[in-house]
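Content type compact mmCIF, C-alpha atoms, from the file final-v5.txt:
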# COMPACT_ATOMS: atom_id res chain seq x y z
CA MET A 1408 37.92 79.66 -17.82
CA THR A 1409 41.14 78.75 -19.61
CA ASP A 1410 41.88 75.68 -21.68
CA GLU A 1411 44.93 73.60 -22.54
CA LEU A 1412 45.70 75.66 -25.65
CA ASN A 1413 45.24 78.98 -23.85
CA PRO A 1414 46.42 78.47 -20.27
CA LEU A 1415 46.94 82.17 -19.57
CA HIS A 1416 43.60 83.67 -20.54
CA ASP A 1417 40.09 82.86 -21.62
CA PRO A 1418 39.99 83.43 -25.39
CA SER A 1419 36.22 83.76 -25.32
CA ARG A 1420 36.31 86.80 -23.03
CA ARG A 1421 35.48 89.97 -24.92
CA GLY A 1422 35.25 93.64 -24.10
CA PHE A 1423 34.78 97.11 -25.49
CA ALA A 1424 37.81 98.90 -24.06
CA SER A 1425 39.85 99.30 -27.23
CA ASP A 1426 40.27 98.02 -30.76
CA ASN A 1427 43.87 97.41 -29.66
CA TYR A 1428 42.60 94.56 -27.47
CA SER A 1429 41.75 92.35 -30.44
CA GLY A 1430 43.84 89.53 -31.80
CA ILE A 1431 45.37 89.31 -35.27
CA HIS A 1432 43.25 88.82 -38.38
CA SER A 1433 43.69 85.37 -39.89
CA GLU A 1434 44.72 86.80 -43.28
CA VAL A 1435 47.43 88.86 -41.59
CA LEU A 1436 48.68 85.82 -39.67
CA ALA A 1437 48.84 83.90 -42.92
CA ALA A 1438 50.87 86.70 -44.49
CA ILE A 1439 53.38 86.54 -41.63
CA VAL A 1440 53.72 82.79 -42.13
CA ARG A 1441 54.28 83.22 -45.89
CA ALA A 1442 57.00 85.79 -45.23
CA ASN A 1443 58.75 83.55 -42.72
CA GLY A 1444 60.61 81.23 -45.11
CA GLY A 1445 64.29 81.66 -45.91
CA HIS A 1446 66.36 84.81 -45.60
CA GLN A 1447 65.62 88.37 -46.66
CA VAL A 1448 67.82 91.45 -46.42
CA ALA A 1449 67.31 93.29 -43.13
CA TYR A 1450 66.27 96.87 -42.34
CA GLY A 1451 63.82 97.27 -45.20
CA ASP A 1452 65.83 96.18 -48.21
CA ASP A 1453 63.59 93.13 -48.61
CA VAL A 1454 61.12 92.23 -51.35
CA TYR A 1455 58.10 92.74 -49.07
CA THR A 1456 58.98 96.33 -48.20
CA ALA A 1457 59.64 97.04 -51.88
CA GLU A 1458 56.22 95.61 -52.74
CA LEU A 1459 54.66 97.68 -49.97
CA GLN A 1460 55.81 100.86 -51.71
CA ARG A 1461 53.93 99.82 -54.84
CA VAL A 1462 50.81 98.90 -52.86
CA PHE A 1463 50.73 102.20 -50.97
CA ARG A 1464 51.16 104.11 -54.24
CA GLU A 1465 48.12 102.32 -55.63
CA HIS A 1466 46.06 103.67 -52.74
CA PHE A 1467 47.62 107.12 -52.20
CA GLY A 1468 49.28 108.19 -55.45
CA GLU A 1469 52.55 107.67 -57.25
CA ARG A 1470 54.57 110.08 -55.10
CA ALA A 1471 53.78 108.24 -51.86
CA GLU A 1472 56.72 106.98 -49.81
CA ALA A 1473 56.13 104.51 -46.98
CA TYR A 1474 58.29 104.02 -43.90
CA PRO A 1475 57.06 101.07 -41.80
CA VAL A 1476 57.46 101.50 -38.03
CA PHE A 1477 56.55 99.63 -34.87
CA ASN A 1478 53.75 101.79 -33.47
CA GLY A 1479 51.56 104.84 -33.86
CA THR A 1480 53.41 107.07 -31.41
CA GLY A 1481 56.63 106.40 -33.29
CA ALA A 1482 54.91 107.16 -36.59
CA ASN A 1483 53.54 110.47 -35.28
CA VAL A 1484 56.85 111.60 -33.79
CA ILE A 1485 58.84 110.78 -36.93
CA ALA A 1486 56.27 112.35 -39.23
CA LEU A 1487 56.11 115.57 -37.22
CA GLN A 1488 59.87 115.82 -36.80
CA SER A 1489 60.36 115.44 -40.55
CA VAL A 1490 58.31 118.58 -41.28
CA THR A 1491 59.48 120.89 -38.50
CA ALA A 1492 62.60 122.80 -37.57
CA ARG A 1493 63.70 123.15 -33.95
CA TRP A 1494 62.00 126.54 -33.55
CA GLU A 1495 58.70 125.44 -35.06
CA ALA A 1496 55.52 124.06 -33.54
CA VAL A 1497 52.61 121.72 -34.22
CA VAL A 1498 48.99 122.89 -33.96
CA CYS A 1499 46.50 120.23 -32.87
CA ALA A 1500 43.18 119.79 -31.10
CA SER A 1501 43.43 119.74 -27.31
CA THR A 1502 42.00 116.20 -27.39
CA ALA A 1503 44.58 114.98 -29.92
CA HIS A 1504 46.37 111.73 -29.21
CA ILE A 1505 49.74 113.46 -29.61
CA ASN A 1506 48.73 115.85 -26.84
CA VAL A 1507 46.90 113.57 -24.41
CA ASP A 1508 47.91 109.95 -24.91
CA GLU A 1509 51.52 109.68 -26.01
CA GLY A 1510 53.30 110.17 -22.72
CA GLY A 1511 54.94 113.40 -23.83
CA ALA A 1512 56.80 111.60 -26.63
CA PRO A 1513 56.30 114.42 -29.16
CA GLU A 1514 57.87 116.81 -26.65
CA HIS A 1515 60.52 114.59 -25.05
CA VAL A 1516 61.55 112.49 -28.05
CA GLY A 1517 60.60 114.79 -30.89
CA GLY A 1518 61.47 118.08 -29.23
CA LEU A 1519 58.18 119.46 -30.49
CA LYS A 1520 56.10 122.30 -29.13
CA LEU A 1521 52.34 121.69 -29.34
CA HIS A 1522 49.90 124.59 -29.68
CA THR A 1523 46.49 123.18 -28.73
CA VAL A 1524 43.06 124.37 -29.80
CA ASP A 1525 39.81 123.48 -28.03
CA THR A 1526 37.13 121.94 -30.23
CA PRO A 1527 33.54 120.85 -29.58
CA ASP A 1528 33.87 117.56 -31.47
CA GLY A 1529 37.58 116.80 -31.84
CA LYS A 1530 37.74 118.44 -35.27
CA LEU A 1531 39.79 121.48 -36.19
CA THR A 1532 38.45 124.07 -38.64
CA PRO A 1533 39.94 127.19 -40.23
CA ALA A 1534 37.80 129.30 -37.89
CA LEU A 1535 39.19 127.47 -34.85
CA LEU A 1536 42.73 127.77 -36.19
CA ASP A 1537 42.15 131.52 -36.36
CA THR A 1538 41.89 131.55 -32.56
CA LEU A 1539 45.67 131.09 -32.39
CA PRO A 1540 47.56 134.31 -31.63
CA GLN A 1541 47.60 136.29 -34.86
CA ASP A 1542 50.37 138.70 -33.86
CA LYS A 1543 53.10 136.15 -33.14
CA THR A 1544 54.39 135.50 -36.65
CA GLY A 1545 58.07 136.29 -36.60
CA ASP A 1546 58.11 136.72 -32.82
CA GLU A 1547 61.28 135.00 -31.63
CA HIS A 1548 59.69 134.42 -28.20
CA TYR A 1549 56.93 132.23 -29.68
CA ALA A 1550 57.35 128.79 -31.24
CA GLN A 1551 56.34 129.36 -34.85
CA PRO A 1552 53.46 127.20 -36.14
CA ARG A 1553 54.56 124.98 -38.99
CA VAL A 1554 52.25 121.94 -38.95
CA VAL A 1555 48.55 121.37 -38.45
CA SER A 1556 47.95 117.84 -37.17
CA ILE A 1557 44.46 116.34 -37.32
CA THR A 1558 43.26 112.87 -36.36
CA GLN A 1559 41.09 110.81 -38.70
CA THR A 1560 38.86 109.52 -37.23
CA THR A 1561 39.15 111.79 -34.20
CA GLU A 1562 39.58 110.82 -30.59
CA LEU A 1563 35.90 111.67 -30.11
CA GLY A 1564 34.80 109.30 -32.87
CA THR A 1565 34.03 111.96 -35.45
CA ALA A 1566 35.15 111.83 -39.08
CA TYR A 1567 36.41 114.71 -41.21
CA THR A 1568 34.86 114.94 -44.66
CA ALA A 1569 37.12 115.39 -47.67
CA ASP A 1570 35.93 119.01 -48.00
CA GLU A 1571 36.73 119.72 -44.34
CA ILE A 1572 40.25 118.37 -44.76
CA LYS A 1573 40.75 120.39 -47.95
CA ALA A 1574 39.71 123.56 -46.12
CA ILE A 1575 42.33 122.91 -43.43
CA ALA A 1576 44.96 122.02 -46.03
CA ASP A 1577 44.25 125.24 -47.92
CA TYR A 1578 44.47 127.23 -44.69
CA ALA A 1579 47.80 125.60 -43.82
CA HIS A 1580 49.33 125.91 -47.28
CA ASP A 1581 48.33 129.59 -47.55
CA ARG A 1582 50.63 130.11 -44.55
CA ASP A 1583 53.38 127.84 -45.85
CA TRP A 1584 52.45 125.26 -43.23
CA VAL A 1585 52.14 121.48 -43.58
CA LEU A 1586 49.15 119.22 -42.92
CA HIS A 1587 49.71 115.98 -41.02
CA VAL A 1588 47.05 113.35 -40.38
CA ASP A 1589 47.22 110.93 -37.47
CA GLY A 1590 45.53 108.05 -39.28
CA SER A 1591 45.50 105.36 -36.63
CA ARG A 1592 41.86 104.73 -37.65
CA LEU A 1593 42.11 105.97 -41.23
CA SER A 1594 40.49 102.76 -42.47
CA ASN A 1595 37.43 103.41 -40.31
CA ALA A 1596 37.19 106.84 -41.89
CA ALA A 1597 37.38 105.31 -45.38
CA ALA A 1598 34.52 103.01 -44.44
CA THR A 1599 32.45 105.88 -43.02
CA LEU A 1600 33.08 108.26 -45.91
CA GLU A 1601 32.79 105.51 -48.53
CA LEU A 1602 35.82 106.99 -50.27
CA PRO A 1603 39.18 105.60 -51.37
CA PHE A 1604 42.10 106.75 -49.22
CA ARG A 1605 43.44 109.10 -51.87
CA ALA A 1606 40.19 111.06 -52.12
CA PHE A 1607 40.44 112.37 -48.55
CA THR A 1608 44.23 112.55 -48.20
CA THR A 1609 46.48 113.12 -51.22
CA ASP A 1610 43.84 114.74 -53.42
CA VAL A 1611 42.80 117.30 -50.79
CA GLY A 1612 46.28 118.41 -49.76
CA VAL A 1613 47.49 116.15 -46.95
CA ASP A 1614 51.31 116.24 -46.91
CA ILE A 1615 52.17 113.40 -44.54
CA LEU A 1616 50.25 110.92 -42.44
CA SER A 1617 50.62 108.16 -39.92
CA PHE A 1618 48.91 105.07 -41.29
CA GLY A 1619 47.39 102.74 -38.68
CA GLY A 1620 47.28 98.97 -38.80
CA THR A 1621 47.33 97.62 -35.26
CA LYS A 1622 43.77 98.73 -34.48
CA ASN A 1623 42.52 97.07 -37.66
CA GLY A 1624 43.89 93.53 -37.53
CA LEU A 1625 47.70 93.71 -37.51
CA MET A 1626 49.90 92.14 -34.87
CA VAL A 1627 52.27 95.11 -34.83
CA GLY A 1628 53.05 97.82 -37.31
CA GLU A 1629 52.11 101.23 -38.65
CA ALA A 1630 53.71 103.41 -41.31
CA VAL A 1631 54.83 106.97 -41.86
CA LEU A 1632 53.38 107.78 -45.26
CA VAL A 1633 54.88 110.75 -47.08
CA LEU A 1634 52.42 112.09 -49.66
CA ASN A 1635 54.29 115.30 -50.50
CA PRO A 1636 58.03 114.55 -50.52
CA ASP A 1637 58.78 118.26 -51.10
CA ALA A 1638 57.50 119.07 -47.59
CA VAL A 1639 59.55 116.43 -45.76
CA ARG A 1640 63.16 116.13 -44.75
CA GLY A 1641 65.05 113.17 -43.32
CA ALA A 1642 62.26 110.66 -42.61
CA LYS A 1643 64.63 107.81 -43.47
CA TYR A 1644 67.16 108.94 -40.86
CA LEU A 1645 64.63 110.03 -38.25
CA ARG A 1646 63.11 106.55 -38.23
CA LYS A 1647 66.44 105.08 -37.14
CA THR A 1648 67.17 107.89 -34.68
CA SER A 1649 63.73 107.36 -33.13
CA MET A 1650 64.40 103.62 -32.65
CA GLN A 1651 61.61 102.67 -35.07
CA LEU A 1652 63.68 100.90 -37.76
CA ALA A 1653 62.84 97.19 -37.65
CA SER A 1654 65.62 94.81 -38.59
CA LYS A 1655 63.12 92.16 -39.75
CA MET A 1656 60.97 94.73 -41.48
CA ARG A 1657 59.55 92.19 -43.92
CA PHE A 1658 57.15 91.02 -41.22
CA ILE A 1659 55.69 94.50 -40.72
CA SER A 1660 55.53 95.11 -44.47
CA ALA A 1661 53.90 91.74 -45.14
CA GLN A 1662 51.14 92.58 -42.67
CA LEU A 1663 50.49 95.97 -44.24
CA ILE A 1664 50.40 94.40 -47.71
CA ALA A 1665 47.81 91.91 -46.48
CA LEU A 1666 45.75 94.69 -44.91
CA LEU A 1667 45.74 96.71 -48.14
CA SER A 1668 45.04 93.71 -50.39
CA ASP A 1669 41.59 92.40 -51.30
CA ASP A 1670 40.06 95.31 -49.36
CA LEU A 1671 40.84 93.70 -46.01
CA TYR A 1672 41.32 97.13 -44.42
CA LEU A 1673 37.85 98.10 -45.60
CA ARG A 1674 36.15 94.83 -44.68
CA ASN A 1675 37.55 95.03 -41.16
CA ALA A 1676 36.70 98.70 -40.70
CA ARG A 1677 33.19 98.38 -42.11
CA HIS A 1678 32.50 95.54 -39.72
CA ALA A 1679 33.85 97.44 -36.70
CA ASN A 1680 31.82 100.52 -37.62
CA ALA A 1681 28.68 98.43 -38.12
CA MET A 1682 29.09 96.82 -34.71
CA ALA A 1683 29.37 100.26 -33.09
CA ARG A 1684 26.15 101.34 -34.79
CA ARG A 1685 24.44 98.14 -33.69
CA LEU A 1686 25.52 98.75 -30.10
CA ALA A 1687 24.45 102.40 -30.12
CA ASP A 1688 21.08 101.62 -31.68
CA ALA A 1689 20.40 98.88 -29.14
CA VAL A 1690 20.95 101.09 -26.07
CA ARG A 1691 19.95 104.50 -27.39
CA ASP A 1692 16.47 104.48 -25.86
CA LEU A 1693 17.32 102.82 -22.55
CA PRO A 1694 16.27 104.91 -19.55
CA GLY A 1695 19.25 106.19 -17.61
CA LEU A 1696 21.57 106.15 -20.65
CA THR A 1697 22.27 108.73 -23.35
CA ILE A 1698 24.60 108.70 -26.35
CA ALA A 1699 26.78 111.76 -25.92
CA ARG A 1700 28.40 112.00 -29.35
CA PRO A 1701 27.71 111.08 -32.97
CA VAL A 1702 28.54 107.48 -33.86
CA GLN A 1703 30.51 107.92 -37.06
CA ALA A 1704 33.08 105.13 -36.83
CA ASN A 1705 33.78 102.29 -34.39
CA SER A 1706 33.32 104.10 -31.07
CA VAL A 1707 30.32 104.87 -28.88
CA PHE A 1708 30.38 107.49 -26.11
CA PRO A 1709 27.45 106.91 -23.74
CA VAL A 1710 26.68 108.56 -20.43
CA LEU A 1711 25.29 106.30 -17.72
CA PRO A 1712 25.50 106.02 -13.93
CA VAL A 1713 29.08 105.54 -12.74
CA GLU A 1714 28.17 102.65 -10.45
CA VAL A 1715 26.53 100.84 -13.36
CA SER A 1716 29.65 101.30 -15.49
CA ARG A 1717 31.86 99.98 -12.70
CA ARG A 1718 29.80 96.81 -12.39
CA LEU A 1719 29.71 96.26 -16.15
CA MET A 1720 33.48 96.72 -16.43
CA LYS A 1721 34.04 93.60 -14.32
CA THR A 1722 32.65 91.42 -17.10
CA PHE A 1723 32.99 93.61 -20.21
CA PRO A 1724 36.13 95.77 -19.96
CA PHE A 1725 35.88 99.38 -21.10
CA TYR A 1726 37.13 102.76 -19.91
CA PHE A 1727 35.77 105.99 -18.52
CA TRP A 1728 36.16 108.95 -20.84
CA ASP A 1729 34.96 111.56 -18.36
CA GLU A 1730 34.20 109.84 -15.07
CA ALA A 1731 32.87 112.98 -13.41
CA ALA A 1732 30.23 113.27 -16.13
CA GLY A 1733 29.59 109.52 -16.26
CA GLU A 1734 30.79 109.36 -19.87
CA VAL A 1735 32.50 106.18 -21.04
CA ARG A 1736 33.92 104.95 -24.34
CA TRP A 1737 32.96 101.66 -25.97
CA MET A 1738 35.14 100.51 -28.87
CA CYS A 1739 34.34 97.83 -31.44
CA GLY A 1740 36.89 96.00 -33.55
CA PHE A 1741 37.16 93.80 -36.60
CA ASP A 1742 36.53 90.75 -34.43
CA THR A 1743 33.53 92.09 -32.49
CA THR A 1744 30.54 89.85 -33.16
CA GLU A 1745 26.81 90.40 -33.04
CA ALA A 1746 26.73 87.93 -30.17
CA ASP A 1747 29.25 90.11 -28.28
CA ILE A 1748 27.00 93.12 -28.78
CA ASP A 1749 23.85 91.26 -27.77
CA ALA A 1750 25.44 89.89 -24.58
CA PHE A 1751 26.73 93.34 -23.63
CA VAL A 1752 23.38 94.99 -24.31
CA ALA A 1753 21.62 92.37 -22.18
CA ALA A 1754 24.01 93.10 -19.31
CA ILE A 1755 23.46 96.86 -19.67
CA ARG A 1756 19.68 96.40 -19.63
CA SER A 1757 19.94 94.21 -16.55
CA GLU A 1758 22.17 96.65 -14.67
CA LEU A 1759 20.04 99.67 -15.50
CA GLY A 1760 16.88 97.75 -14.65
CA SER A 1761 18.20 96.53 -11.30
CA ARG A 1762 19.26 100.07 -10.44
CA LYS A 1763 15.79 101.36 -11.20
CA ASN A 1764 14.02 98.56 -9.33
CA PRO A 1765 16.37 97.26 -6.61

Would you write out, as structure tokens, the structure that this file holds?
Amino acid sequence: MTDELNPLHDPSRRGFASDNYSGIHSEVLAAIVRANGGHQVAYGDDVYTAELQRVFREHFGERAEAYPVFNGTGANVIALQSVTARWEAVVCASTAHINVDEGGAPEHVGGLKLHTVDTPDGKLTPALLDTLPQDKTGDEHYAQPRVVSITQTTELGTAYTADEIKAIADYAHDRDWVLHVDGSRLSNAAATLELPFRAFTTDVGVDILSFGGTKNGLMVGEAVLVLNPDAVRGAKYLRKTSMQLASKMRFISAQLIALLSDDLYLRNARHANAMARRLADAVRDLPGLTIARPVQANSVFPVLPVEVSRRLMKTFPFYFWDEAAGEVRWMCGFDTTEADIDAFVAAIRSELGSRKNP
């Protein structure tokens, strides 16, 4: 049911399809309002974007350089272009967002070749990277690997430890490669690992990352974050070429400042992660349902009968992950409540029970 203030949708309707479905955190909205008065220089020469540089350096180290952009795909494409030449390639997991969910943008917009590696849990390792062809170095017929790109947390909901990232960084740097992190859910990883950002990025050898905000309470906005300026070329120009330079950049920067201030990023991520654990714990022992993957951040991957999922989706939106196997993905966000979880769990129990005893 809609109301006079929300004539187009029911604001009480909730789901578990994506943390992108959520609204904007109130502290972020307030930051946008504060930034809205008067005039500021366009295209990033404003006081908010200057302040954002200082804030990011507090979290990631004094060499960090931030380039706010509109979205995560744009951040990934710019970041990867800035560390590759035309004949070079990016190595990533076969499940990586850049490979599966970005509409070919890395290839079509970035001109990038992706070498994919199968993984059991979404996480690359040095041993898995060794499965790449070892006799192709210098072969002009083969796009030369230059970047390893990992996702934190991964598309399968798993989190890399700081030691695991360091091992990949060491592997890459021994070959004069670069390590990129797709950090669309980097805040969820910080909450899971109970570490400051720097401890599992800059300090373990990450060269460049895409910093996510939209999934964690922002209206719009991510950032390309250069941690090793020596490895990067032309990020400033690539952002414009890739149509990711905002004229009113102060509004993206103000949101990111709010997210990184007073631990809002961590408060939001901890809550989302806790709601995922609450949901998983509540359904784990239900007959006819299994949890397929570890719950390490804000996602749950259960397997249940397809017809049950289809009925549940009508009231609580979510997506199939592997429909043939009956696997779905449930996502929690900063605004997911315990009441949301309890209502969803009650519906799941009812559907599974009615299936068992029609």

Open item on the list: Could you list, as a list in words, every residue within 10 Å of Met1650 in chain A, counting all atoms listed in the file and ignoring same-chain residues fewer than 5 positions away?
Closed with: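 Close residues of Met1650 in chain A: Val1476, Phe1477, Gly1481 and Leu1645 of chain A.
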
Open item on the list: Could you check which residues have any atom within 10 Å of (25.4, 98.6, -30.7), counting all atoms listed in the file with coordinates taken straight from the file, and then list them as a PyMOL selection string?
Closed with: chain A and resi 1680-1691+1702+1705-1707+1737+1739+1745+1747-1749+1751-1752

Open item on the list: Env of Ala1653 in chain A: 10 Å cut, atoms = all atoms listed in the file, seq-sep filter 5 positions within chain, self excluded. Answer as a PyMOL selection string.
Closed with: chain A and resi 1449-1451+1475-1477+1628+1646-1647+1658-1659

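Using only C-alpha atoms, the shortest contact distance between Ser1649 in chain A and any of A:Ala1512, A:Val1588, A:Val1490, A:Ala1630 is found at A:Ala1512.
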
Task: Residue nearest Ala1482 in chain A among A:Asp1669, A:Asp1452, A:Glu1495, A:Asp1589 (counting all atoms listed in the file) - done: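 When distances to Ala1482 in chain A are compared using all atoms listed in the file, the smallest one comes from A:Asp1589.
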
Task: Coordinates-based distance that separates CA of Leu1487 in chain A from CA of Val1585 in chain A (Å, one decimal) - done: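 So the answer is 9.5 Å.
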
Open item on the list: Would you compute the distance between CA of Ala1500 in chain A and CA of Thr1538 in chain A? Give it in Å to one decimal.
Closed with: 11.9 Å

Would you tabulate, counting only C-alpha atoms, all residues of range 1618-1693 of chain A that have an atom at most 7 Å from an atom of range 1592-1597 of chain A, showing the closest pair of atoms and their distance in Å to one decimal, sorted by chain then ascending number, as a Markdown table?
| residue | atom | partner | partner_atom | distance |
| --- | --- | --- | --- | --- |
| A:Phe1618 | CA | A:Leu1593 | CA | 6.9 |
| A:Gly1619 | CA | A:Arg1592 | CA | 6.0 |
| A:Tyr1672 | CA | A:Ser1594 | CA | 6.0 |
| A:Leu1673 | CA | A:Ser1594 | CA | 6.2 |
| A:Ala1676 | CA | A:Asn1595 | CA | 4.8 |
| A:Arg1677 | CA | A:Asn1595 | CA | 6.8 |
| A:Asn1680 | CA | A:Asn1595 | CA | 6.9 |

All residues 10 Å or closer to Ala1550 in chain A, all atoms listed in the file, same chain fewer than 4 positions away omitted, as a short mmCIF file (atom, residue, chain, number, x, y, z; two decimals) with C-alpha atoms, in the coordinates of the input:
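Result file is out_5.cif:
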data_model
loop_
_atom_site.label_atom_id
_atom_site.label_comp_id
_atom_site.auth_asym_id
_atom_site.auth_seq_id
_atom_site.Cartn_x
_atom_site.Cartn_y
_atom_site.Cartn_z
CA ARG A 1493 63.70 123.15 -33.95
CA TRP A 1494 62.00 126.54 -33.55
CA GLU A 1495 58.70 125.44 -35.06
CA ALA A 1496 55.52 124.06 -33.54
CA VAL A 1497 52.61 121.72 -34.22
CA LEU A 1519 58.18 119.46 -30.49
CA LYS A 1520 56.10 122.30 -29.13
CA LEU A 1521 52.34 121.69 -29.34
CA HIS A 1522 49.90 124.59 -29.68
CA LYS A 1543 53.10 136.15 -33.14
CA THR A 1544 54.39 135.50 -36.65
CA GLY A 1545 58.07 136.29 -36.60
CA ASP A 1546 58.11 136.72 -32.82
#

Task: Selection near Val1484 in chain A, 9 Å with only C-alpha atoms, sequence-local residues under 5 positions removed, as a list in words - done: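 Contacts, with the query itself left out: Gly1479, Ser1489, Ile1505, Ala1512, Pro1513, Glu1514, Val1516, Gly1517, Leu1519 and Ser1649 of chain A.
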
TODO: Pick out the closest residue to Tyr1474 in chain A from this set: A:Tyr1567, A:Tyr1644, A:Tyr1578, A:Phe1607. Count only C-alpha atoms.
DONE: A:Tyr1644

Open item on the list: I'd like the contact shell of Val1524 in chain A - 10 Å cut-off, only C-alpha atoms, skipping same-chain residues fewer than 5 positions apart - returned as a list of chain:residue names.
Closed with: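 Near Val1524 in chain A, the qualifying residues are A:Val1498, A:Cys1499, A:Ala1500, A:Ser1501, A:Thr1502, A:Ala1503, A:Gly1529, A:Lys1530, A:Leu1531, A:Thr1532, A:Leu1535, A:Leu1536, A:Asp1537, A:Thr1538, A:Leu1539.
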